[in-house]
>>> print(open('query-v3.txt').read())   # compact mmCIF, C-alpha atoms and all ligand atoms
# COMPACT_ATOMS: atom_id res chain seq x y z
CA MET A 1303 -9.14 22.42 17.93
CA PRO A 1304 -11.31 19.59 19.32
CA SER A 1305 -9.49 16.36 20.19
CA TYR A 1306 -10.36 12.67 19.81
CA HIS A 1307 -9.30 9.35 21.29
CA VAL A 1308 -10.09 5.96 19.72
CA TRP A 1309 -9.97 3.13 22.28
CA THR A 1310 -9.67 -0.31 20.68
CA VAL A 1311 -9.99 -3.89 21.88
CA GLY A 1312 -10.03 -7.12 19.85
CA CYS A 1313 -8.62 -8.44 16.63
CA GLN A 1314 -6.51 -6.85 13.89
CA MET A 1315 -9.70 -6.06 11.92
CA ASN A 1316 -10.65 -3.70 14.75
CA VAL A 1317 -7.16 -2.18 14.82
CA ALA A 1318 -7.39 -1.57 11.05
CA ASP A 1319 -10.88 0.00 11.43
CA SER A 1320 -9.60 2.29 14.20
CA GLN A 1321 -6.66 3.47 12.07
CA ARG A 1322 -9.07 4.38 9.26
CA LEU A 1323 -11.39 6.22 11.61
CA ASP A 1324 -8.36 8.13 13.00
CA LEU A 1325 -7.68 9.36 9.50
CA SER A 1326 -11.23 10.52 8.82
CA LEU A 1327 -11.38 12.41 12.15
CA GLU A 1328 -8.02 14.07 11.44
CA ARG A 1329 -9.26 15.10 8.00
CA MET A 1330 -12.20 16.79 9.72
CA GLY A 1331 -9.71 18.79 11.78
CA LEU A 1332 -9.67 16.92 15.10
CA ALA A 1333 -6.39 16.36 16.94
CA ARG A 1334 -5.39 13.00 18.39
CA GLU A 1335 -5.33 12.94 22.21
CA GLU A 1336 -3.37 10.18 23.97
CA LYS A 1337 -5.31 10.40 27.24
CA ILE A 1338 -8.91 9.27 26.95
CA GLU A 1339 -10.02 11.50 29.85
CA ASN A 1340 -8.82 14.64 28.02
CA ALA A 1341 -10.49 13.94 24.65
CA ASP A 1342 -13.54 15.87 23.42
CA VAL A 1343 -14.60 12.90 21.29
CA VAL A 1344 -14.17 9.32 22.53
CA ILE A 1345 -14.76 6.32 20.28
CA VAL A 1346 -14.89 2.88 21.90
CA ASN A 1347 -14.17 0.17 19.31
CA THR A 1348 -15.50 -3.05 20.79
CA CYS A 1349 -15.11 -6.83 20.52
CA VAL A 1350 -17.48 -9.56 21.69
CA VAL A 1351 -15.58 -12.70 20.73
CA ARG A 1352 -14.84 -13.39 24.44
CA GLN A 1353 -16.72 -12.28 27.53
CA ALA A 1354 -13.57 -10.65 28.92
CA ALA A 1355 -13.28 -8.28 25.93
CA GLU A 1356 -16.95 -7.33 26.22
CA ASP A 1357 -16.63 -6.76 29.98
CA THR A 1358 -13.64 -4.45 29.43
CA ALA A 1359 -15.62 -2.33 26.95
CA THR A 1360 -18.79 -2.18 29.07
CA GLY A 1361 -16.67 -1.26 32.14
CA LEU A 1362 -15.16 1.63 30.20
CA LEU A 1363 -18.61 2.77 28.98
CA GLY A 1364 -19.86 2.75 32.57
CA ARG A 1365 -16.97 5.03 33.62
CA LEU A 1366 -17.42 7.32 30.61
CA GLY A 1367 -21.14 7.51 31.36
CA LYS A 1368 -20.43 8.73 34.92
CA GLN A 1369 -17.91 11.32 33.66
CA LYS A 1370 -20.51 12.65 31.23
CA PHE A 1371 -22.09 14.54 34.12
CA GLU A 1372 -18.84 16.52 34.50
CA ALA A 1373 -18.19 16.80 30.74
CA PRO A 1374 -21.66 16.89 29.13
CA ASP A 1375 -20.30 18.18 25.79
CA ARG A 1376 -18.02 15.21 25.26
CA VAL A 1377 -19.14 13.01 22.34
CA ILE A 1378 -19.13 9.28 23.12
CA ALA A 1379 -19.36 6.85 20.21
CA VAL A 1380 -19.39 3.05 20.25
CA MET A 1381 -18.52 0.96 17.22
CA GLY A 1382 -17.44 -2.61 16.44
CA CYS A 1383 -18.84 -6.03 17.12
CA MET A 1384 -20.79 -5.09 20.25
CA VAL A 1385 -23.17 -3.13 18.03
CA GLY A 1386 -25.52 -5.60 16.34
CA PRO A 1387 -28.46 -4.83 14.03
CA ASP A 1388 -30.61 -4.54 17.16
CA HIS A 1389 -28.82 -2.69 19.97
CA ALA A 1390 -31.85 -1.29 21.79
CA ASP A 1391 -30.75 -3.09 24.95
CA LEU A 1392 -27.31 -1.40 24.83
CA LYS A 1393 -28.94 1.99 24.29
CA ARG A 1394 -31.00 1.44 27.45
CA ARG A 1395 -27.92 0.36 29.44
CA PHE A 1396 -25.70 3.23 28.25
CA PRO A 1397 -27.95 6.24 27.60
CA GLN A 1398 -24.95 8.60 27.68
CA VAL A 1399 -23.61 7.19 24.40
CA ASP A 1400 -24.27 9.67 21.58
CA VAL A 1401 -23.83 7.41 18.57
CA TRP A 1402 -23.70 3.68 17.82
CA ALA A 1403 -22.04 2.27 14.69
CA ARG A 1404 -21.60 -1.27 13.37
CA PRO A 1405 -18.12 -2.48 12.21
CA GLN A 1406 -16.70 -0.35 9.37
CA GLU A 1407 -19.73 1.94 9.59
CA PHE A 1408 -17.93 5.26 10.09
CA GLN A 1409 -20.57 7.55 8.62
CA PRO A 1410 -22.88 7.87 11.68
CA ILE A 1411 -19.82 8.72 13.81
CA VAL A 1412 -18.40 11.42 11.55
CA GLU A 1413 -21.87 12.93 11.01
CA THR A 1414 -22.49 13.17 14.77
CA VAL A 1415 -19.00 14.56 15.42
CA GLY A 1416 -19.46 17.07 12.56
CA ALA A 1417 -22.85 18.21 13.90
CA ARG A 1418 -21.55 18.58 17.47
CA THR A 1419 -18.26 20.32 16.63
CA GLY A 1420 -19.38 22.34 13.62
CA LEU A 1421 -16.56 20.84 11.51
CA SER A 1422 -17.15 19.91 7.88
CA THR A 1423 -17.30 16.17 7.08
CA GLU A 1424 -16.76 16.69 3.35
CA GLY A 1425 -14.27 14.21 1.85
CA CYS A 1426 -13.34 12.74 5.20
CA LEU A 1427 -14.45 9.19 4.32
CA ALA A 1428 -12.79 8.81 0.89
CA ASN A 1429 -9.62 6.68 0.43
CA LEU A 1430 -8.96 5.90 4.08
CA THR A 1431 -5.33 4.81 3.73
CA PRO A 1432 -3.41 5.56 6.96
CA GLN A 1433 -0.93 8.46 6.55
CA LYS A 1434 1.69 7.05 8.94
CA PRO A 1435 1.26 3.28 8.76
CA ASN A 1436 3.50 0.81 10.58
CA VAL A 1437 6.26 -0.85 8.57
CA ALA A 1438 4.28 -4.08 8.95
CA THR A 1439 0.64 -3.20 8.48
CA PHE A 1440 -2.77 -4.88 8.23
CA VAL A 1441 -5.26 -4.45 5.41
CA PRO A 1442 -8.79 -5.92 5.55
CA ILE A 1443 -9.60 -7.62 2.24
CA VAL A 1444 -12.89 -9.36 3.08
CA HIS A 1445 -15.39 -8.28 5.70
CA GLY A 1446 -17.84 -10.56 7.52
CA CYS A 1447 -18.13 -14.33 7.57
CA ASP A 1448 -20.58 -16.83 6.03
CA LYS A 1449 -19.56 -19.84 8.09
CA PHE A 1450 -21.78 -19.60 11.21
CA CYS A 1451 -19.76 -21.84 13.52
CA THR A 1452 -22.15 -22.52 16.41
CA PHE A 1453 -19.99 -20.81 19.07
CA CYS A 1454 -19.18 -17.66 17.11
CA ILE A 1455 -20.95 -14.30 17.19
CA ILE A 1456 -18.93 -12.72 14.34
CA PRO A 1457 -21.32 -13.48 11.43
CA TYR A 1458 -24.21 -11.90 13.38
CA ARG A 1459 -22.21 -8.75 14.05
CA ARG A 1460 -19.98 -8.31 11.00
CA GLY A 1461 -22.53 -9.65 8.51
CA ARG A 1462 -22.05 -11.74 5.36
CA GLU A 1463 -18.76 -11.88 3.46
CA MET A 1464 -17.99 -8.87 1.29
CA SER A 1465 -14.72 -8.82 -0.61
CA ARG A 1466 -12.97 -5.62 -1.59
CA PRO A 1467 -12.11 -5.38 -5.31
CA VAL A 1468 -8.57 -6.39 -6.33
CA SER A 1469 -7.86 -3.01 -7.99
CA GLU A 1470 -8.92 -1.09 -4.86
CA LEU A 1471 -6.59 -3.21 -2.71
CA VAL A 1472 -3.64 -2.91 -5.08
CA ASP A 1473 -4.09 0.90 -5.18
CA GLU A 1474 -4.25 1.06 -1.39
CA LEU A 1475 -1.16 -1.11 -1.02
CA THR A 1476 0.74 1.02 -3.52
CA ARG A 1477 -0.07 4.10 -1.42
CA LEU A 1478 0.92 2.27 1.78
CA VAL A 1479 4.29 1.27 0.30
CA ASP A 1480 4.87 4.91 -0.72
CA ARG A 1481 4.33 5.73 2.98
CA GLY A 1482 6.95 3.24 4.17
CA VAL A 1483 5.14 -0.10 4.46
CA LYS A 1484 7.31 -3.17 3.78
CA GLU A 1485 5.03 -5.97 4.94
CA VAL A 1486 1.27 -6.42 4.65
CA THR A 1487 -1.05 -8.88 6.36
CA LEU A 1488 -4.20 -9.41 4.28
CA LEU A 1489 -7.04 -9.77 6.75
CA GLY A 1490 -10.36 -11.54 6.80
CA GLN A 1491 -12.37 -13.52 9.34
CA ASN A 1492 -12.09 -16.23 6.70
CA VAL A 1493 -9.44 -14.85 4.39
CA ASP A 1494 -9.39 -17.95 2.15
CA SER A 1495 -12.92 -17.25 0.97
CA TYR A 1496 -11.78 -13.92 -0.51
CA GLY A 1497 -13.26 -13.11 -3.92
CA HIS A 1498 -16.07 -15.67 -4.24
CA ASP A 1499 -18.58 -12.79 -4.21
CA LEU A 1500 -16.74 -10.67 -6.81
CA ARG A 1501 -17.51 -10.74 -10.54
CA PRO A 1502 -15.44 -11.94 -12.24
CA ARG A 1503 -14.85 -14.36 -9.41
CA VAL A 1504 -11.28 -14.41 -8.07
CA ASP A 1505 -9.58 -16.09 -5.12
CA LEU A 1506 -6.88 -15.33 -2.59
CA ALA A 1507 -4.21 -16.79 -4.88
CA ASP A 1508 -5.21 -14.32 -7.63
CA LEU A 1509 -5.07 -11.43 -5.17
CA MET A 1510 -1.67 -12.50 -3.82
CA GLU A 1511 -0.32 -12.60 -7.40
CA GLN A 1512 -1.48 -9.01 -7.99
CA VAL A 1513 -0.24 -7.75 -4.62
CA HIS A 1514 3.08 -9.45 -5.31
CA GLU A 1515 3.60 -7.02 -8.20
CA VAL A 1516 3.49 -3.96 -5.92
CA SER A 1517 7.00 -2.59 -6.19
CA GLY A 1518 8.74 -2.02 -2.85
CA LEU A 1519 6.51 -4.39 -0.90
CA GLU A 1520 8.74 -7.08 0.61
CA ARG A 1521 6.48 -9.45 2.50
CA ILE A 1522 2.88 -10.65 2.24
CA ARG A 1523 1.00 -12.51 4.98
CA PHE A 1524 -2.67 -13.40 5.39
CA LEU A 1525 -4.97 -14.15 8.32
CA THR A 1526 -7.20 -16.08 9.30
CA SER A 1527 -7.64 -19.24 7.26
CA HIS A 1528 -10.36 -21.88 7.33
CA PRO A 1529 -9.35 -25.50 6.64
CA ASN A 1530 -12.22 -26.00 4.16
CA ASP A 1531 -11.43 -22.92 2.08
CA MET A 1532 -7.64 -23.17 2.03
CA SER A 1533 -7.48 -24.59 -1.47
CA ARG A 1534 -4.61 -26.32 -3.25
CA ARG A 1535 -4.29 -23.18 -5.42
CA ILE A 1536 -3.77 -21.00 -2.34
CA ILE A 1537 -1.23 -23.42 -0.85
CA ARG A 1538 0.61 -23.50 -4.18
CA ALA A 1539 0.63 -19.67 -4.36
CA ILE A 1540 2.26 -19.46 -0.91
CA ALA A 1541 4.96 -21.84 -2.10
CA ASP A 1542 5.50 -20.16 -5.48
CA LEU A 1543 5.33 -16.41 -4.75
CA PRO A 1544 8.62 -15.27 -3.21
CA LYS A 1545 7.12 -12.37 -1.21
CA VAL A 1546 4.45 -14.54 0.43
CA CYS A 1547 5.76 -15.64 3.83
CA GLU A 1548 5.74 -19.34 4.61
CA ASN A 1549 3.51 -19.04 7.68
CA VAL A 1550 -0.05 -20.34 7.94
CA ASN A 1551 -2.59 -19.85 10.72
CA LEU A 1552 -5.06 -22.73 10.39
CA PRO A 1553 -7.51 -22.96 13.32
CA PHE A 1554 -8.60 -26.50 14.23
CA GLN A 1555 -10.73 -25.46 17.28
CA ALA A 1556 -11.25 -29.06 18.49
CA GLY A 1557 -9.59 -32.43 17.92
CA ASP A 1558 -12.65 -34.65 18.21
CA ASP A 1559 -15.09 -35.32 15.38
CA ARG A 1560 -18.24 -35.11 17.53
CA ILE A 1561 -17.21 -31.72 18.92
CA LEU A 1562 -16.21 -30.48 15.46
CA ALA A 1563 -19.69 -31.47 14.21
CA GLU A 1564 -21.33 -29.70 17.18
CA MET A 1565 -19.27 -26.62 16.35
CA ARG A 1566 -20.36 -26.96 12.68
CA ARG A 1567 -16.80 -26.50 11.54
CA GLY A 1568 -17.46 -28.55 8.41
CA TYR A 1569 -14.41 -30.85 8.56
CA THR A 1570 -13.24 -33.87 10.50
CA ARG A 1571 -10.03 -34.37 12.44
CA GLY A 1572 -8.71 -36.55 9.57
CA GLN A 1573 -9.50 -33.90 6.95
CA PHE A 1574 -7.79 -31.22 9.04
CA LEU A 1575 -4.67 -33.36 9.40
CA ASP A 1576 -4.66 -34.11 5.65
CA ARG A 1577 -4.66 -30.35 4.98
CA ILE A 1578 -1.75 -29.86 7.38
CA ASP A 1579 0.19 -32.66 5.65
CA GLU A 1580 -0.49 -31.08 2.25
CA ILE A 1581 0.71 -27.67 3.46
CA ARG A 1582 3.90 -29.13 4.90
CA ALA A 1583 4.57 -31.17 1.77
CA THR A 1584 4.07 -28.16 -0.53
CA ILE A 1585 5.67 -25.27 1.39
CA PRO A 1586 9.25 -25.87 2.54
CA ARG A 1587 10.08 -24.53 6.04
CA VAL A 1588 6.45 -23.54 6.69
CA THR A 1589 5.54 -22.52 10.22
CA LEU A 1590 2.05 -23.28 11.51
CA THR A 1591 -0.13 -21.62 14.11
CA THR A 1592 -3.66 -22.48 15.17
CA ASP A 1593 -6.66 -21.58 17.33
CA LEU A 1594 -8.20 -24.00 19.83
CA ILE A 1595 -11.24 -23.88 22.13
CA VAL A 1596 -11.31 -26.10 25.22
CA GLY A 1597 -14.41 -26.94 27.25
CA PHE A 1598 -16.95 -26.62 24.44
CA PRO A 1599 -20.37 -27.63 25.88
CA GLY A 1600 -20.51 -31.39 26.40
CA GLU A 1601 -16.80 -31.94 25.69
CA THR A 1602 -15.79 -35.04 27.67
CA GLU A 1603 -12.31 -35.73 28.98
CA ALA A 1604 -11.75 -38.28 26.21
CA GLU A 1605 -12.80 -35.72 23.57
CA PHE A 1606 -10.53 -33.09 25.12
CA GLN A 1607 -7.64 -35.59 24.97
CA GLN A 1608 -8.19 -35.73 21.19
CA SER A 1609 -7.26 -32.03 21.08
CA VAL A 1610 -4.19 -32.71 23.22
CA ARG A 1611 -3.12 -35.53 20.89
CA LEU A 1612 -3.61 -33.32 17.84
CA LEU A 1613 -1.32 -30.68 19.36
CA GLU A 1614 1.29 -33.38 20.00
CA ARG A 1615 0.97 -34.75 16.47
CA VAL A 1616 1.17 -31.42 14.57
CA ARG A 1617 3.54 -29.52 16.89
CA PHE A 1618 2.35 -26.01 15.97
CA ASP A 1619 4.71 -23.06 16.30
CA LYS A 1620 2.06 -21.13 18.24
CA VAL A 1621 -1.44 -21.86 19.58
CA HIS A 1622 -4.10 -19.30 20.47
CA SER A 1623 -6.07 -21.27 23.03
CA ALA A 1624 -9.19 -20.15 24.85
CA ALA A 1625 -11.77 -21.63 27.18
CA TYR A 1626 -15.26 -21.77 25.67
CA SER A 1627 -17.15 -18.58 26.47
CA GLU A 1628 -20.89 -18.55 25.81
CA ARG A 1629 -21.88 -15.75 23.44
CA LYS A 1630 -25.51 -14.72 23.62
CA GLY A 1631 -27.24 -14.99 20.26
CA THR A 1632 -25.16 -17.86 18.88
CA PHE A 1633 -26.62 -21.28 18.05
CA ALA A 1634 -24.58 -22.89 20.84
CA SER A 1635 -25.90 -20.47 23.47
CA ARG A 1636 -29.49 -21.19 22.43
CA ARG A 1637 -29.30 -24.94 21.93
CA ILE A 1638 -26.26 -26.46 23.68
CA PRO A 1639 -26.09 -26.02 27.48
CA ASP A 1640 -22.67 -24.82 28.72
CA SER A 1641 -22.05 -28.00 30.74
CA VAL A 1642 -18.27 -27.93 31.41
CA THR A 1643 -17.53 -26.22 34.73
CA ARG A 1644 -15.36 -23.12 34.94
CA ASP A 1645 -12.71 -24.95 36.96
CA GLU A 1646 -12.59 -27.79 34.47
CA LYS A 1647 -12.21 -25.34 31.55
CA LYS A 1648 -9.36 -23.69 33.45
CA ARG A 1649 -7.68 -27.05 34.03
CA ARG A 1650 -7.94 -27.97 30.34
CA LEU A 1651 -6.58 -24.57 29.33
CA HIS A 1652 -3.59 -25.05 31.66
CA THR A 1653 -3.01 -28.51 30.22
CA VAL A 1654 -2.84 -27.31 26.62
CA ASN A 1655 -0.84 -24.20 27.51
CA ASP A 1656 1.74 -26.25 29.44
CA LEU A 1657 2.01 -28.74 26.60
CA GLN A 1658 2.34 -26.00 24.01
CA THR A 1659 4.97 -24.16 26.04
CA ARG A 1660 7.05 -27.36 26.05
CA ILE A 1661 6.59 -27.83 22.28
CA GLN A 1662 7.53 -24.19 21.54
CA THR A 1663 10.56 -24.46 23.80
CA GLU A 1664 11.77 -27.45 21.78
CA ILE A 1665 10.98 -25.96 18.36
CA ASN A 1666 12.64 -22.63 19.14
CA ALA A 1667 15.70 -24.24 20.76
CA ASP A 1668 16.35 -26.02 17.44
CA LEU A 1669 16.60 -22.61 15.72
CA VAL A 1670 19.63 -21.52 17.76
CA GLY A 1671 22.65 -21.40 15.46
CA GLN A 1672 20.54 -20.84 12.31
CA GLU A 1673 20.26 -17.56 10.36
CA PHE A 1674 17.04 -15.73 9.43
CA ASP A 1675 16.02 -12.51 7.73
CA ILE A 1676 14.31 -10.20 10.19
CA LEU A 1677 12.20 -7.25 9.11
CA VAL A 1678 12.84 -4.64 11.81
CA ASP A 1679 9.44 -3.30 12.91
CA GLY A 1680 10.15 -1.70 16.28
CA GLU A 1681 12.32 -1.33 19.34
CA THR A 1682 11.90 -2.72 22.85
CA ARG A 1683 14.07 -1.53 25.74
CA GLY A 1684 16.88 -0.37 23.45
CA ARG A 1685 16.92 -3.50 21.29
CA LEU A 1686 15.65 -3.81 17.74
CA ARG A 1687 12.65 -6.05 17.30
CA GLY A 1688 11.43 -7.86 14.20
CA ARG A 1689 9.98 -11.04 12.76
CA THR A 1690 11.21 -13.86 10.61
CA ARG A 1691 9.26 -14.84 7.51
CA GLY A 1692 7.85 -17.64 9.68
CA ASP A 1693 6.55 -14.97 12.12
CA LYS A 1694 8.99 -15.69 14.96
CA LEU A 1695 9.59 -12.63 17.12
CA VAL A 1696 13.33 -11.84 17.34
CA TYR A 1697 15.18 -9.30 19.49
CA VAL A 1698 18.34 -8.23 17.70
CA THR A 1699 21.55 -7.04 19.33
CA GLY A 1700 23.80 -4.68 17.38
CA GLY A 1701 23.39 -1.16 16.04
CA GLY A 1702 23.14 0.11 12.50
CA PRO A 1703 19.84 -0.98 10.97
CA ALA A 1704 16.70 1.10 11.24
CA LEU A 1705 12.97 0.58 11.20
CA GLY A 1706 11.99 -1.10 7.92
CA ASP A 1707 15.42 -2.64 7.23
CA THR A 1708 15.70 -6.36 6.70
CA VAL A 1709 18.67 -7.81 8.53
CA ARG A 1710 20.25 -11.24 8.38
CA THR A 1711 20.39 -12.42 11.97
CA GLY A 1712 22.11 -15.34 13.65
CA ILE A 1713 19.97 -16.86 16.41
CA THR A 1714 21.86 -16.99 19.70
CA GLY A 1715 19.12 -17.74 22.21
CA ALA A 1716 15.53 -18.92 22.44
CA SER A 1717 12.51 -18.95 24.73
CA PRO A 1718 9.06 -20.39 23.98
CA TRP A 1719 7.85 -16.92 22.94
CA SER A 1720 10.78 -15.23 21.20
CA LEU A 1721 14.32 -15.55 19.87
CA GLU A 1722 17.51 -13.58 20.47
CA GLY A 1723 19.85 -12.80 17.62
CA ASP A 1724 22.87 -10.86 16.50
CA LEU A 1725 23.35 -8.93 13.36
CA ARG A 1726 25.00 -10.50 10.27
CA ALA A 1727 24.05 -8.25 7.30
CA THR A 1728 21.36 -6.03 5.83
CA GLN A 1729 19.55 -7.47 2.80
CA THR A 1730 18.50 -5.71 -0.38
CA GLN A 1731 15.05 -6.26 -1.87
CA LYS A 1732 16.57 -8.21 -4.82
CA GLU A 1733 18.41 -10.57 -2.50
CA LEU A 1734 15.27 -11.03 -0.42
CA VAL A 1735 13.25 -12.27 -3.38
CA GLU A 1736 16.06 -14.53 -4.58
CA ILE A 1737 16.59 -16.35 -1.30
CA LYS A 1738 13.12 -17.83 -0.91
S1 LIG A 1801 -15.10 -19.15 10.46
FE1 LIG A 1801 -16.36 -19.66 12.26
S2 LIG A 1801 -15.08 -18.96 13.99
FE2 LIG A 1801 -14.26 -17.93 12.18
S3 LIG A 1801 -15.33 -15.95 12.11
FE3 LIG A 1801 -16.49 -17.37 10.82
S4 LIG A 1801 -18.09 -18.21 12.16
FE4 LIG A 1801 -16.51 -17.28 13.48
>>> encode(input="query-v3.txt", output="structure tokens")
Amino acid sequence: MPSYHVWTVGCQMNVADSQRLDLSLERMGLAREEKIENADVVIVNTCVVRQAAEDTATGLLGRLGKQKFEAPDRVIAVMGCMVGPDHADLKRRFPQVDVWARPQEFQPIVETVGARTGLSTEGCLANLTPQKPNVATFVPIVHGCDKFCTFCIIPYRRGREMSRPVSELVDELTRLVDRGVKEVTLLGQNVDSYGHDLRPRVDLADLMEQVHEVSGLERIRFLTSHPNDMSRRIIRAIADLPKVCENVNLPFQAGDDRILAEMRRGYTRGQFLDRIDEIRATIPRVTLTTDLIVGFPGETEAEFQQSVRLLERVRFDKVHSAAYSERKGTFASRRIPDSVTRDEKKRRLHTVNDLQTRIQTEINADLVGQEFDILVDGETRGRLRGRTRGDKLVYVTGGGPALGDTVRTGITGASPWSLEGDLRATQTQKELVEIK
């Protein structure tokens, strides 16, 4: 039986795509191989959001290309965001690659694998719901992005927004719950714009209401939001629907109005802060995370300090910070010279990371002594691991519960990145819905 290995880098959308491709290859009759060097078919699922992710993928392709001389029958496929509409340059650089596929475009891969292995591809692309999903799983609900922020390559690679129909998503979630899923994260590059392209038009709040009805599903999350599209209706739905977790990721990217305009984010610092205030006023106990870029071209020290002050003002529970990385093909790479030095970007990144570590230390220390419901989703070094509804990672001491159980946990210790807890009780689904 031929074997396959899917290597994945990047965001949860890529992870979800890889899981679906796994399923279609297994339906064809291929066996999963843990070691990439032993697989007959290797799929490299790529990301180009940061240079480092792209370098990792191209480094791997270089090594696979060299090995192709020793294993000429091995099929090498590349998919994901590295593969744009025009990838002639990549084909020249990596001639050993057998097939190139854009995000979610599985057909060219399965056809090539079918032709090379002699296996039938019939039915292998229908209903790609993972057979053994994680207890907490990710489901893409809208592909692509229409925003075209000047620094971002995603819209060029993943295309325009395309929402999946509500009924298709509810059916898939029902199947996932039958296979043990307790928590779903609804995914989109801009998840708040879900449904605007469907007829009849719906929004994320409508979808969350429908998903909420899926029996056996305990928690609903969503990722990633855009401040302009996170409507009052969506904020209200988070507050009103008991299964929707009170945790919002709202990227601000920069704290200064001139930089926000250069990024074409479409909002000002004041408008972003108003949205944060509205979320906090509407959703009790909400936790907030964000994304931030430092060292955008032309960002002065004073403009950078606006980002620092915004972090101090909002006090996010977590910040995904990154130094600006020029992405070829974006508006910024063509029109705005990358003027902030590498050392200066590094310094700014250290500044925000140090500040955020202090803020998270203080926020998490305040949680010691409180109790939270943890959905157990794994084990690390003999201890159960799970997350609160607010997405805090907790390591739980005490035996008894199993994967997929929700346990009431008393917090006994805290670090900036995680909490420690001990077991109080295991909750039933009815109790879980009532306590929100
Ligand atoms: S909203 Fe902006 S940053 Fe996010 S995926 Fe779309 S273009 Fe990229």
>>> closest_residue(input="query-v3.txt", among="A:Arg1577, A:Arg1566, A:Arg1376, A:Arg1615", to="ligand LIG 1801 (chain A)", atoms="all atoms listed in the file")
A:Arg1566
>>> closest_atom_pairs(input="query-v3.txt", of="chain A", to="ligand LIG 1801 (chain A)", cutoff="8 Å", atoms="all atoms listed in the file", output="tab-separated table")
residue	atom	partner	partner_atom	distance
A:Gly1446	CA	A:LIG1801	S3	7.5
A:Cys1447	CA	A:LIG1801	FE3	4.7
A:Asp1448	CA	A:LIG1801	FE3	6.3
A:Lys1449	CA	A:LIG1801	S4	4.6
A:Phe1450	CA	A:LIG1801	S4	4.1
A:Cys1451	CA	A:LIG1801	S4	4.2
A:Thr1452	CA	A:LIG1801	S4	7.3
A:Phe1453	CA	A:LIG1801	S2	7.3
A:Cys1454	CA	A:LIG1801	FE4	4.5
A:Ile1455	CA	A:LIG1801	FE4	6.5
A:Ile1456	CA	A:LIG1801	FE4	5.2
A:Pro1457	CA	A:LIG1801	S4	5.8
A:Gln1491	CA	A:LIG1801	S3	4.7
A:Asn1492	CA	A:LIG1801	S1	5.6
A:Thr1526	CA	A:LIG1801	FE2	7.8
A:His1528	CA	A:LIG1801	S1	6.3
A:Arg1567	CA	A:LIG1801	FE1	6.9
>>> residues_around(input="query-v3.txt", residues="A:Asn1530", least_positions_apart="2", cutoff="9 Å", atoms="only C-alpha atoms", output="JSON, numbers by chain")
{"A": [1494, 1527, 1528, 1532, 1533, 1567, 1568, 1569, 1573, 1574, 1577]}
>>> closest_residue(input="query-v3.txt", among="A:Gln1672, A:Gln1607, A:Gln1406, A:Thr1439", to="A:Val1380", atoms="only C-alpha atoms")
A:Gln1406
>>> closest_residue(input="query-v3.txt", among="A:Pro1410, A:Thr1570, A:Val1317, A:Val1311", to="A:Leu1362", atoms="only C-alpha atoms")
A:Val1311
>>> residues_around(input="query-v3.txt", residues="stretch 1649-1662 of chain A", least_positions_apart="4", cutoff="12 Å", atoms="all atoms listed in the file", output="short mmCIF file (atom, residue, chain, number, x, y, z; two decimals) with C-alpha atoms, in the coordinates of the input")
data_model
loop_
_atom_site.label_atom_id
_atom_site.label_comp_id
_atom_site.auth_asym_id
_atom_site.auth_seq_id
_atom_site.Cartn_x
_atom_site.Cartn_y
_atom_site.Cartn_z
CA ALA A 1556 -11.25 -29.06 18.49
CA THR A 1589 5.54 -22.52 10.22
CA LEU A 1590 2.05 -23.28 11.51
CA THR A 1591 -0.13 -21.62 14.11
CA THR A 1592 -3.66 -22.48 15.17
CA ASP A 1593 -6.66 -21.58 17.33
CA LEU A 1594 -8.20 -24.00 19.83
CA ILE A 1595 -11.24 -23.88 22.13
CA VAL A 1596 -11.31 -26.10 25.22
CA GLY A 1597 -14.41 -26.94 27.25
CA PHE A 1598 -16.95 -26.62 24.44
CA GLU A 1601 -16.80 -31.94 25.69
CA THR A 1602 -15.79 -35.04 27.67
CA GLU A 1603 -12.31 -35.73 28.98
CA ALA A 1604 -11.75 -38.28 26.21
CA GLU A 1605 -12.80 -35.72 23.57
CA PHE A 1606 -10.53 -33.09 25.12
CA GLN A 1607 -7.64 -35.59 24.97
CA GLN A 1608 -8.19 -35.73 21.19
CA SER A 1609 -7.26 -32.03 21.08
CA VAL A 1610 -4.19 -32.71 23.22
CA ARG A 1611 -3.12 -35.53 20.89
CA LEU A 1612 -3.61 -33.32 17.84
CA LEU A 1613 -1.32 -30.68 19.36
CA GLU A 1614 1.29 -33.38 20.00
CA ARG A 1615 0.97 -34.75 16.47
CA VAL A 1616 1.17 -31.42 14.57
CA ARG A 1617 3.54 -29.52 16.89
CA PHE A 1618 2.35 -26.01 15.97
CA ASP A 1619 4.71 -23.06 16.30
CA LYS A 1620 2.06 -21.13 18.24
CA VAL A 1621 -1.44 -21.86 19.58
CA HIS A 1622 -4.10 -19.30 20.47
CA SER A 1623 -6.07 -21.27 23.03
CA ALA A 1624 -9.19 -20.15 24.85
CA ALA A 1625 -11.77 -21.63 27.18
CA TYR A 1626 -15.26 -21.77 25.67
CA VAL A 1642 -18.27 -27.93 31.41
CA THR A 1643 -17.53 -26.22 34.73
CA ARG A 1644 -15.36 -23.12 34.94
CA ASP A 1645 -12.71 -24.95 36.96
CA ASN A 1666 12.64 -22.63 19.14
CA ALA A 1667 15.70 -24.24 20.76
CA ASP A 1668 16.35 -26.02 17.44
CA LEU A 1669 16.60 -22.61 15.72
CA LYS A 1694 8.99 -15.69 14.96
CA ALA A 1716 15.53 -18.92 22.44
CA SER A 1717 12.51 -18.95 24.73
CA PRO A 1718 9.06 -20.39 23.98
CA TRP A 1719 7.85 -16.92 22.94
CA SER A 1720 10.78 -15.23 21.20
CA LEU A 1721 14.32 -15.55 19.87
#
